[in-house]
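*Asks:* First the structure, which I've put down as structure tokens, then a few questions once you've had a look.
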Amino acid sequence: MKLTGVELRRISMPLVAPFRTSFGVETTRDILLLRAVLAGPDGESEGWGECVAMSDPLYSSEYVDASADVLRRFLLPRLFAAPHVDGAAVGHLLEPVKGHWMSKAVIETAVLDAELRATGRSFARELGATRDRVPCGVSVGIHDSIPELLASVEGYVSAGYVRIKLKIEPGWDLAPVRAVRERFGDDLLVQVDANTAYTLQDAQHLARLDEFGLLLIEQPLPEEDVLGHASLAKLIRTPVCLDESITSARTAAAAITLGACSIINIKPGRVGGYLEARRIHDLCRAHGIAVWCGGMLETGLGRAANVALAALPGFTLPGDTSASDRYFTADITEPFVLRDGHLDVPAGPGLGVTPLPAALAAVTTSTEWVTA
Ligand code: NPG
């Protein structure tokens, strides 16, 4: 197939409630969607992808304006110039461009979606999914007070979420975790996520989380501090999980070898796409490292692909794959609905979902058509 054109579409999606992490507050998701059009022997096909980059480079160095720019100027021209493009080829064709994992991921996903739609195959099946529904966790932001946090957690627990992730930062760690344990008991699956907010000097303090029987602590130290995580893992009993530090199967292999983590959060956008995400899954499975699927406040489009990935056999922990209504009052696809703590894995061709035209139009802030 040949890539003939790409639509870059920006949408603005207000969140149902502000989402606060150690690096900032999200109130509206400013999202870049990409629609790829390919021509093949049997005619044209098109596919969609959702870029997970945020407005500001605070989670990682990537941000949405930069993503549109690098796609326009460096990534798409390489693909337009290639005589043959399919999902498996995108990663190789874009390898000379350094970094920009989220931007590479969105075009690879759209090409895969187009290719699979054209041949009637589902994304989940193609990746190697072995389940038709996945258990779901929910990520709970930093709140202004413990009572407000407990009210939020209460709502999610009664909705059926099977695992709670609490965002933490210095000054908001032991007390919220203790309060959630006291209120909901020891059986609730609870984990924490620091988004790089601590240093190795905080090891003794973080060891005080040990008594709460957490599933894991996610990315306590800076992205580049893989050795620091290896040291920390020896000083605390809570299993260390990496997110920001893992940008490829290669960095995952290094982190595992160094003993920096016993669990990995796989976010396809952070590692350049679903095919690299699958390689990390395979690597972790071979090494006995548990994985789970992270989230970046995606719409139904990105969620469909994440849920497909989360259905692979090595995803043994519930992911940040929450239902549409956890994020938005109106999703751009048919909403993902939590049933018995699970989301169904889409089974139709490609991602199995497409944006609903009216819903998409209502949130679109700009569109741009890019060709060779
Ligand atoms: O449910 O999609 C979701 C959000 C899960 O906490 C979540 N994501 O650090 O993992 C993270 C965090 C995040 C959110 C990161 C927004 C970057 C931006």
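Ordered as shown in the structure tokens, chains take letters A, B, and onward, while each chain numbers its residues from 1 and ligands are numbered from 1 in the order shown.
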For A:Val70, find every residue with an atom within 12 Å (counting only C-alpha atoms), except residues of its own chain fewer than 2 positions away, and show them as a VMD selection string.
*Replies:* chain A and resid 8 62 to 68 72 to 78 94 97 to 104 106 to 107
*Asks:* May I ask you to write as a ChimeraX atom specification all residues lying at most 6 Å from ligand 1, with only C-alpha atoms and all ligand atoms counted?
*Replies:* /A:59,138-139,195,294-298,320-322
*Asks:* Out of stretch 116-261 of chain A, which residues get strand (DSSP E) from DSSP, as a PyMOL selection string?
*Replies:* chain A and resi 133-135+137-140+163-167+189-193+217-218+240-242
*Asks:* Can you tell me, as a JSON list (two decimals) with C-alpha atoms, in the first residue's frame, what residues are no more than 12 Å from A:Asp282 when counting only C-alpha atoms, ignoring any on the same chain fewer than 2 positions away?
*Replies:*
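Result file follows (part-v3.json):
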[["chain", "number", "residue", "atom", "x", "y", "z"],
["A", 127, "LEU", "CA", -1.55, -8.16, 18.39],
["A", 128, "GLY", "CA", -2.19, -11.59, 19.88],
["A", 249, "ALA", "CA", 12.19, -2.74, 24.38],
["A", 252, "ALA", "CA", 13.12, -2.18, 29.16],
["A", 253, "ALA", "CA", 15.76, -4.91, 28.80],
["A", 264, "ILE", "CA", 6.40, -2.27, 33.77],
["A", 266, "ILE", "CA", 3.34, -0.22, 28.97],
["A", 275, "LEU", "CA", 4.29, -3.14, 17.83],
["A", 276, "GLU", "CA", 7.09, -2.00, 20.15],
["A", 277, "ALA", "CA", 4.61, -2.27, 23.04],
["A", 278, "ARG", "CA", 4.08, -5.90, 22.08],
["A", 279, "ARG", "CA", 7.84, -6.49, 21.95],
["A", 280, "ILE", "CA", 8.11, -5.13, 25.51],
["A", 284, "CYS", "CA", 8.71, -9.01, 30.07],
["A", 285, "ARG", "CA", 6.82, -12.25, 29.78],
["A", 286, "ALA", "CA", 10.04, -14.11, 29.06],
["A", 287, "HIS", "CA", 11.63, -12.52, 32.16],
["A", 288, "GLY", "CA", 8.70, -12.97, 34.54],
["A", 289, "ILE", "CA", 8.08, -9.21, 34.72],
["A", 290, "ALA", "CA", 4.38, -8.33, 35.10],
["A", 291, "VAL", "CA", 3.01, -5.63, 32.80],
["A", 309, "LEU", "CA", -3.24, -4.53, 23.88],
["A", 312, "LEU", "CA", -2.53, -9.97, 25.63],
["A", 313, "PRO", "CA", -1.62, -12.78, 28.04],
["A", 314, "GLY", "CA", 1.25, -11.01, 29.83],
["A", 315, "PHE", "CA", -0.99, -8.15, 30.99]]
*Asks:* Using only C-alpha atoms, which of A:Leu189, A:Ala81, A:Ala129, A:Ile217 sits nearest A:Val157?
*Replies:*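 The shortest atom-to-atom distance to A:Val157 comes from A:Leu189.
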*Asks:* Provide the atom CA of A:Gln219 to atom CA of A:Val240 distance in Å, to one decimal place.
*Replies:* 7.4 Å
*Asks:* Report the distance between atom CA of A:Asp113 and atom CA of A:Arg10 in Å, rounded to one decimal place.
*Replies:*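 Distance reported for this atom pair: 19.2 Å.
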*Asks:* Can you build me a table of stretch 90-149 of chain A residues sitting at most 9 Å from stretch 173-183 of chain A, with the closest atom pair per residue and its distance in Å to one decimal, using only C-alpha atoms, sorted by chain and residue number, as JSON lines?
*Replies:*
{"residue": "A:Ser145", "atom": "CA", "partner": "A:Pro176", "partner_atom": "CA", "distance": 8.8}
{"residue": "A:Ile146", "atom": "CA", "partner": "A:Pro176", "partner_atom": "CA", "distance": 6.1}
{"residue": "A:Pro147", "atom": "CA", "partner": "A:Ala179", "partner_atom": "CA", "distance": 8.9}
{"residue": "A:Leu149", "atom": "CA", "partner": "A:Pro176", "partner_atom": "CA", "distance": 7.7}
*Asks:* For stretch 353-363 of chain A, list every protein, DNA or RNA residue within 7 Å, evaluated using only C-alpha atoms, and leave out those in the same chain fewer than 4 positions away; present the list as a PDB file with all heavy atoms, in the first residue's frame.
*Replies:*
ATOM      1  N   ILE A  11      -8.595  18.213  18.381  1.00  0.00           N
ATOM      2  CA  ILE A  11      -9.863  18.274  19.098  1.00  0.00           C
ATOM      3  C   ILE A  11      -9.613  18.757  20.521  1.00  0.00           C
ATOM      4  O   ILE A  11      -8.517  18.606  21.054  1.00  0.00           O
ATOM      5  CB  ILE A  11     -10.590  16.911  19.107  1.00  0.00           C
ATOM      6  CG1 ILE A  11      -9.775  15.845  19.848  1.00  0.00           C
ATOM      7  CG2 ILE A  11     -10.902  16.443  17.687  1.00  0.00           C
ATOM      8  CD1 ILE A  11     -10.520  14.537  20.061  1.00  0.00           C
ATOM      9  N   SER A  12     -10.637  19.313  21.121  1.00  0.00           N
ATOM     10  CA  SER A  12     -10.532  19.799  22.496  1.00  0.00           C
ATOM     11  C   SER A  12     -11.637  19.134  23.309  1.00  0.00           C
ATOM     12  O   SER A  12     -12.822  19.317  23.014  1.00  0.00           O
ATOM     13  CB  SER A  12     -10.677  21.323  22.488  1.00  0.00           C
ATOM     14  OG  SER A  12     -10.677  21.801  23.802  1.00  0.00           O
ATOM     15  N   MET A  13     -11.237  18.369  24.300  1.00  0.00           N
ATOM     16  CA  MET A  13     -12.192  17.568  25.067  1.00  0.00           C
ATOM     17  C   MET A  13     -12.112  17.950  26.547  1.00  0.00           C
ATOM     18  O   MET A  13     -11.134  17.601  27.232  1.00  0.00           O
ATOM     19  CB  MET A  13     -11.839  16.076  24.936  1.00  0.00           C
ATOM     20  CG  MET A  13     -11.781  15.542  23.522  1.00  0.00           C
ATOM     21  SD  MET A  13     -13.379  14.959  22.964  1.00  0.00           S
ATOM     22  CE  MET A  13     -13.610  13.492  23.962  1.00  0.00           C
ATOM     23  N   LEU A 301     -11.060   6.287  20.805  1.00  0.00           N
ATOM     24  CA  LEU A 301     -10.196   5.818  19.721  1.00  0.00           C
ATOM     25  C   LEU A 301      -8.915   5.193  20.281  1.00  0.00           C
ATOM     26  O   LEU A 301      -8.582   4.039  19.991  1.00  0.00           O
ATOM     27  CB  LEU A 301      -9.869   7.027  18.833  1.00  0.00           C
ATOM     28  CG  LEU A 301      -9.492   6.809  17.397  1.00  0.00           C
ATOM     29  CD1 LEU A 301     -10.527   5.976  16.673  1.00  0.00           C
ATOM     30  CD2 LEU A 301      -9.363   8.189  16.724  1.00  0.00           C
ATOM     31  N   ALA A 304      -9.666   2.085  22.477  1.00  0.00           N
ATOM     32  CA  ALA A 304      -9.923   0.829  21.755  1.00  0.00           C
ATOM     33  C   ALA A 304      -8.609   0.077  21.546  1.00  0.00           C
ATOM     34  O   ALA A 304      -8.526  -1.136  21.775  1.00  0.00           O
ATOM     35  CB  ALA A 304     -10.582   1.129  20.412  1.00  0.00           C
ATOM     36  N   ILE A 332     -15.902  10.559  21.608  1.00  0.00           N
ATOM     37  CA  ILE A 332     -16.030  10.732  20.151  1.00  0.00           C
ATOM     38  C   ILE A 332     -16.344   9.422  19.430  1.00  0.00           C
ATOM     39  O   ILE A 332     -16.563   9.409  18.228  1.00  0.00           O
ATOM     40  CB  ILE A 332     -14.766  11.381  19.531  1.00  0.00           C
ATOM     41  CG1 ILE A 332     -13.517  10.549  19.861  1.00  0.00           C
ATOM     42  CG2 ILE A 332     -14.620  12.820  20.000  1.00  0.00           C
ATOM     43  CD1 ILE A 332     -12.313  10.920  19.004  1.00  0.00           C
ATOM     44  N   THR A 333     -16.292   8.313  20.181  1.00  0.00           N
ATOM     45  CA  THR A 333     -16.714   7.022  19.618  1.00  0.00           C
ATOM     46  C   THR A 333     -17.883   6.536  20.470  1.00  0.00           C
ATOM     47  O   THR A 333     -18.236   7.175  21.457  1.00  0.00           O
ATOM     48  CB  THR A 333     -15.591   5.970  19.737  1.00  0.00           C
ATOM     49  OG1 THR A 333     -15.305   5.776  21.137  1.00  0.00           O
ATOM     50  CG2 THR A 333     -14.338   6.403  19.012  1.00  0.00           C
TER      51      THR A 333
END
*Asks:* One decimal, Å: what's the distance from atom CA of A:Lys165 over to atom CA of A:Trp48, could you say?
*Replies:*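 That distance, rounded to one decimal, is 29.2 Å.
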*Asks:* Which of these residues is nearest to A:Pro346, using only C-alpha atoms: A:Arg163, A:Arg35, A:Lys267, A:Arg303?
*Replies:* A:Arg303
*Asks:* Between A:Gly120, A:Gly87, A:Pro170, A:Gly47, which one has atoms that come closest to A:Gly348, using only C-alpha atoms?
*Replies:*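 Smallest separation from A:Gly348 among the options: A:Gly120.
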*Asks:* Go through A:Gly319, A:Ala372, A:His229, A:Phe336 one by one, measure the shortest atom-to-atom distance of each to A:Val37 using only C-alpha atoms, and give the residue with the smallest value.
*Replies:*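 Ranked by minimum distance to A:Val37, first place goes to A:Ala372.
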*Asks:* Counting only C-alpha atoms, which of A:Tyr198, A:Phe184, A:Phe212, A:Tyr161 gets nearest to A:Phe23?
*Replies:*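 For A:Phe23, the nearest of the candidates is A:Tyr198.
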*Asks:* Pick the closest to A:Asp331 from A:Arg29, A:Ala124, A:Ala110, A:Ala89: which is it, counting only C-alpha atoms?
*Replies:*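 Smallest separation from A:Asp331 among the options: A:Arg29.
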*Asks:* Could you give me the residues within stretch 84-123 of chain A that DSSP places in alpha helix (DSSP H), as a list in words?
*Replies:*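 Written out, the alpha helix (DSSP H) residues of stretch 84-123 of chain A are Gly87, Ala88, Ala89, Val90, Gly91, His92, Leu93, Leu94, Trp101, Met102, Ser103, Lys104, Ala105, Val106, Ile107, Glu108, Thr109, Ala110, Val111, Leu112, Asp113, Ala114, Glu115, Leu116, Arg117, Ala118, Thr119 and Phe123 of chain A.
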*Asks:* Just N, CA and C atoms for this one: save the residues we selected as a tab-separated table (two decimals), in the first residue's frame.
*Replies:*
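Result file is part_18.tsv:
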chain	number	residue	atom	x	y	z
A	87	GLY	N	1.81	-1.36	8.32
A	87	GLY	CA	2.05	-1.14	9.74
A	87	GLY	C	3.44	-1.55	10.18
A	88	ALA	N	3.88	-2.71	9.68
A	88	ALA	CA	5.19	-3.24	10.11
A	88	ALA	C	6.35	-2.41	9.57
A	89	ALA	N	6.11	-1.68	8.46
A	89	ALA	CA	7.20	-0.93	7.83
A	89	ALA	C	7.42	0.44	8.47
A	90	VAL	N	6.37	0.98	9.10
A	90	VAL	CA	6.44	2.37	9.58
A	90	VAL	C	7.63	2.59	10.52
A	91	GLY	N	7.77	1.71	11.51
A	91	GLY	CA	8.84	1.86	12.51
A	91	GLY	C	10.21	1.92	11.85
A	92	HIS	N	10.45	1.05	10.88
A	92	HIS	CA	11.76	1.03	10.21
A	92	HIS	C	11.97	2.30	9.39
A	93	LEU	N	10.91	2.72	8.68
A	93	LEU	CA	11.05	3.91	7.84
A	93	LEU	C	11.32	5.16	8.67
A	94	LEU	N	10.83	5.17	9.91
A	94	LEU	CA	10.97	6.38	10.75
A	94	LEU	C	12.16	6.31	11.71
A	101	TRP	N	8.45	9.52	20.11
A	101	TRP	CA	7.75	8.23	20.16
A	101	TRP	C	6.24	8.38	19.99
A	102	MET	N	5.68	9.42	20.59
A	102	MET	CA	4.22	9.57	20.53
A	102	MET	C	3.78	9.90	19.11
A	103	SER	N	4.61	10.64	18.40
A	103	SER	CA	4.28	11.01	17.02
A	103	SER	C	4.44	9.81	16.09
A	104	LYS	N	5.47	9.01	16.34
A	104	LYS	CA	5.65	7.79	15.54
A	104	LYS	C	4.51	6.81	15.80
A	105	ALA	N	4.10	6.76	17.07
A	105	ALA	CA	3.04	5.81	17.43
A	105	ALA	C	1.74	6.14	16.71
A	106	VAL	N	1.40	7.43	16.61
A	106	VAL	CA	0.08	7.77	16.06
A	106	VAL	C	0.00	7.41	14.58
A	107	ILE	N	1.07	7.63	13.84
A	107	ILE	CA	1.01	7.30	12.41
A	107	ILE	C	1.06	5.78	12.21
A	108	GLU	N	1.86	5.10	13.02
A	108	GLU	CA	1.89	3.64	12.90
A	108	GLU	C	0.52	3.03	13.19
A	109	THR	N	-0.14	3.56	14.21
A	109	THR	CA	-1.47	3.03	14.58
A	109	THR	C	-2.47	3.25	13.45
A	110	ALA	N	-2.45	4.46	12.86
A	110	ALA	CA	-3.40	4.76	11.79
A	110	ALA	C	-3.16	3.87	10.57
A	111	VAL	N	-1.89	3.63	10.26
A	111	VAL	CA	-1.57	2.77	9.12
A	111	VAL	C	-2.01	1.33	9.41
A	112	LEU	N	-1.72	0.87	10.63
A	112	LEU	CA	-2.17	-0.48	11.01
A	112	LEU	C	-3.69	-0.60	10.92
A	113	ASP	N	-4.38	0.41	11.43
A	113	ASP	CA	-5.85	0.40	11.40
A	113	ASP	C	-6.34	0.29	9.95
A	114	ALA	N	-5.75	1.10	9.07
A	114	ALA	CA	-6.16	1.07	7.65
A	114	ALA	C	-5.91	-0.31	7.04
A	115	GLU	N	-4.73	-0.84	7.33
A	115	GLU	CA	-4.34	-2.14	6.76
A	115	GLU	C	-5.27	-3.25	7.26
A	116	LEU	N	-5.57	-3.23	8.55
A	116	LEU	CA	-6.40	-4.30	9.13
A	116	LEU	C	-7.85	-4.17	8.67
A	117	ARG	N	-8.32	-2.91	8.59
A	117	ARG	CA	-9.69	-2.70	8.08
A	117	ARG	C	-9.82	-3.25	6.66
A	118	ALA	N	-8.79	-2.98	5.85
A	118	ALA	CA	-8.84	-3.40	4.45
A	118	ALA	C	-8.93	-4.92	4.33
A	119	THR	N	-8.38	-5.61	5.34
A	119	THR	CA	-8.36	-7.07	5.25
A	119	THR	C	-9.30	-7.71	6.28
A	123	PHE	N	-7.57	-5.44	15.43
A	123	PHE	CA	-6.33	-5.00	16.07
A	123	PHE	C	-5.95	-5.98	17.18
